[in-house]
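J.: Okay, handing you the structure first.
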Amino acid sequence: MNNRPLLLIVYHSQSGNTDRLSAAVEEGARKVLDVRVERKKAAQVTAADIEQCRMLVVCSPEYFGYMAGAVKDLFDRTYEAVRQRIRGKPYALVICAGNDGTGALNSIERILKGCGVRRVQEPLISRGPVSEEILRKCRELGETLAAGIELGIY
């Protein structure tokens with residue numbers, strides 16, 4: 001049994017852009033050895049995964065001013081099972097925006113607010129082509145979140 005706390009990175013990607021962003025978050029988080037890191041496609045995530053993680057990072061593309069359908073499906077499948085059990089759990093968001101990102105951001109945060117979880121970092125929004133700068137920020141986010149878990153801040 002692995003007793004290290006879990007940082008769960010949930011993502012959906014069709015073009016590969018959000019995949020790259022979530023992989024960069026994972027890369028940064030893996031620098032912290034005392035934290036387990038799992039990156040899973042939203043369609044594969046279960047309510048148990050969400051309950052068992054110490055922190056949740058949601059990475060979603062913005063489609064038509066909204067979160068990805070697979071991310072919405074994840075919330076639809078797990079919301080009732082987890083909402084009372086994850087109150088106070090820390091989370092962070094990464095949005096790959098085809099527009100300005102605010103539609104996806106607002107829709108995800110509205111659902112997470114209903115679960116009573118708490119955002120611990122400002123959301124990262126990648127607008128336009130994925131740049132080395134945004135990938136650096138994603139790696140930094142992952143490392144910062146994992147270090148916070150390791151230090152007992154989260």
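We name chains A, B, ... following the order of the structure tokens; residues begin at 1 in each chain, and ligands are numbered from 1 as shown.
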Find the residues around Gly101 of chain A up to 12 Å (only C-alpha atoms counted), leave out those fewer than 4 positions away in its own chain, and share them as a list of chain:residue names.
T.: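 The neighbour list is A:Cys59, A:Ser60, A:Pro61, A:Glu62, A:Tyr63, A:Phe64, A:Gly65, A:Tyr66, A:Met67, A:Ala68, A:Leu93, A:Val94, A:Ile95, A:Cys96, A:Ala97, A:Leu105, A:Asn106, A:Ser107, A:Ile108, A:Pro123, A:Leu124, A:Ile125, A:Ser126, A:Arg127, A:Gly128.
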J.: Using only C-alpha atoms, which residues sit within 9 Å of Arg54 of chain A once same-chain residues fewer than 3 positions away are excluded, as a PDB file with N, CA, C and O atoms, in the first residue's frame?
T.:
ATOM      1  N   PRO A   5       0.583  10.886  -0.167  1.00  0.00           N
ATOM      2  CA  PRO A   5      -0.637  11.581  -0.609  1.00  0.00           C
ATOM      3  C   PRO A   5      -0.670  11.721  -2.123  1.00  0.00           C
ATOM      4  O   PRO A   5       0.374  11.813  -2.775  1.00  0.00           O
ATOM      5  N   LEU A   6      -1.870  11.737  -2.669  1.00  0.00           N
ATOM      6  CA  LEU A   6      -2.067  11.719  -4.116  1.00  0.00           C
ATOM      7  C   LEU A   6      -2.488  13.071  -4.673  1.00  0.00           C
ATOM      8  O   LEU A   6      -3.451  13.670  -4.197  1.00  0.00           O
ATOM      9  N   LEU A   7      -1.778  13.510  -5.695  1.00  0.00           N
ATOM     10  CA  LEU A   7      -2.167  14.656  -6.515  1.00  0.00           C
ATOM     11  C   LEU A   7      -2.755  14.066  -7.792  1.00  0.00           C
ATOM     12  O   LEU A   7      -2.052  13.393  -8.545  1.00  0.00           O
ATOM     13  N   LEU A   8      -4.042  14.290  -8.015  1.00  0.00           N
ATOM     14  CA  LEU A   8      -4.737  13.743  -9.178  1.00  0.00           C
ATOM     15  C   LEU A   8      -4.931  14.833 -10.224  1.00  0.00           C
ATOM     16  O   LEU A   8      -5.518  15.877  -9.939  1.00  0.00           O
ATOM     17  N   ILE A  50     -11.514  10.687  -6.953  1.00  0.00           N
ATOM     18  CA  ILE A  50     -11.651  12.056  -6.458  1.00  0.00           C
ATOM     19  C   ILE A  50     -11.623  12.079  -4.935  1.00  0.00           C
ATOM     20  O   ILE A  50     -10.989  12.935  -4.324  1.00  0.00           O
ATOM     21  N   GLU A  51     -12.294  11.143  -4.309  1.00  0.00           N
ATOM     22  CA  GLU A  51     -12.311  11.083  -2.848  1.00  0.00           C
ATOM     23  C   GLU A  51     -10.933  10.793  -2.274  1.00  0.00           C
ATOM     24  O   GLU A  51     -10.559  11.343  -1.244  1.00  0.00           O
ATOM     25  N   LYS A  89     -11.495  20.167   0.095  1.00  0.00           N
ATOM     26  CA  LYS A  89     -10.377  19.615  -0.688  1.00  0.00           C
ATOM     27  C   LYS A  89      -9.820  20.702  -1.606  1.00  0.00           C
ATOM     28  O   LYS A  89     -10.565  21.420  -2.255  1.00  0.00           O
ATOM     29  N   PRO A  90      -8.502  20.842  -1.681  1.00  0.00           N
ATOM     30  CA  PRO A  90      -7.908  21.852  -2.556  1.00  0.00           C
ATOM     31  C   PRO A  90      -7.938  21.430  -4.023  1.00  0.00           C
ATOM     32  O   PRO A  90      -7.863  20.241  -4.345  1.00  0.00           O
ATOM     33  N   ILE A 149       1.560  19.961  -0.806  1.00  0.00           N
ATOM     34  CA  ILE A 149       1.062  18.707  -0.225  1.00  0.00           C
ATOM     35  C   ILE A 149       2.131  18.100   0.675  1.00  0.00           C
ATOM     36  O   ILE A 149       1.869  17.712   1.822  1.00  0.00           O
ATOM     37  N   TYR A 154      -1.517  21.592   2.165  1.00  0.00           N
ATOM     38  CA  TYR A 154      -2.779  21.110   1.583  1.00  0.00           C
ATOM     39  C   TYR A 154      -3.051  19.692   2.069  1.00  0.00           C
ATOM     40  O   TYR A 154      -2.222  18.875   2.098  1.00  0.00           O
TER      41      TYR A 154
END
J.: As a PyMOL selection string, please: all residues of chain A that backbone DSSP puts in alpha helix (DSSP H).
T.: chain A and resi 17-29+47-52+69-82+102-115+132-150
J.: When you draw a straight line from atom CA of Glu133 of chain A to atom CA of Leu151 of chain A, how long is it in Å?
T.: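 Rounded to one decimal, the two atoms are 26.7 Å apart.
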J.: Give me, as an MDAnalysis selection string, all polymer residues having an atom no more than 9 Å from Leu141 of chain A, counting only C-alpha atoms and skipping those fewer than 5 positions away in the same chain.
T.: chainID A and resid 24:25 28:29 92 121 124 136 146
J.: Between A:Glu140, A:Asp49, A:Asp73, A:Glu80, which one has atoms that come closest to Ala23 of chain A, using only C-alpha atoms?
T.: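 Answer, going by the shortest atom-to-atom distance: A:Glu140.
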J.: Could you give me, as an NGL selection string, the residues within 12 Å of Val82 of chain A, counting only C-alpha atoms and dropping anything in the same chain fewer than 5 positions from it?
T.: :A and (46-53 or 74-77 or 87-89 or 111-112 or 114-117)
J.: Could you write out that same residue set with C-alpha atoms as a compact mmCIF listing (two decimals), in the first residue's frame?
T.:
# COMPACT_ATOMS: atom_id res chain seq x y z
CA THR A 46 -14.15 7.62 -10.75
CA ALA A 47 -15.74 9.07 -7.63
CA ALA A 48 -13.29 6.98 -5.58
CA ASP A 49 -10.35 8.61 -7.39
CA ILE A 50 -11.65 12.06 -6.46
CA GLU A 51 -12.31 11.08 -2.85
CA GLN A 52 -8.90 9.46 -2.38
CA CYS A 53 -6.75 12.25 -3.77
CA LEU A 74 -17.07 13.43 -15.05
CA PHE A 75 -18.90 15.91 -12.85
CA ASP A 76 -22.27 14.44 -13.83
CA ARG A 77 -21.12 10.92 -12.94
CA ARG A 87 -15.61 19.61 1.23
CA GLY A 88 -12.47 21.68 1.75
CA LYS A 89 -10.38 19.61 -0.69
CA ILE A 111 -19.74 22.98 -10.15
CA LEU A 112 -16.75 22.82 -7.81
CA GLY A 114 -21.25 23.21 -5.13
CA CYS A 115 -18.85 20.59 -3.76
CA GLY A 116 -17.39 23.06 -1.27
CA VAL A 117 -13.83 22.55 -2.47
J.: With only C-alpha atoms as the basis for distance, which of A:Leu145, A:Ala81, A:Ala43, A:Leu56 is at the shortest distance from Gly69 of chain A?
T.: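 Looking at the shortest contact to Gly69 of chain A, the residue is A:Ala43.
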J.: Hey, can you check how far atom CA of Glu150 of chain A sits from atom CA of Asn17 of chain A?
T.: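 That distance, rounded to one decimal, is 28.6 Å.
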J.: What's the separation between atom CA of Arg36 of chain A and atom CA of Asn3 of chain A, in Å to one decimal place?
T.: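 Distance between the two atoms: 8.8 Å.
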J.: Of the residues A:Val130, A:Val58, A:Val10, A:Leu135, which is the one nearest to Glu38 of chain A, using only C-alpha atoms?
T.: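 Ranking A:Val130, A:Val58, A:Val10, A:Leu135 by distance to Glu38 of chain A, first place goes to A:Val10.
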J.: Quick one: DSSP strand (DSSP E or B) residues in chain A, as a ChimeraX atom specification?
T.: /A:6-11,36-41,55-63,66-67,90-97,118-119,124-127
J.: Which one is closest to Ala42 of chain A: A:Met55, A:Ser131, A:Thr78, A:Leu21? Count only C-alpha atoms.
T.: A:Thr78
J.: Of the residues A:Lys72, A:Cys138, A:Glu122, A:Gly148, which is the one nearest to Arg110 of chain A, using only C-alpha atoms?
T.: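 Between A:Lys72, A:Cys138, A:Glu122, A:Gly148, the residue approaching Arg110 of chain A most closely is A:Lys72.
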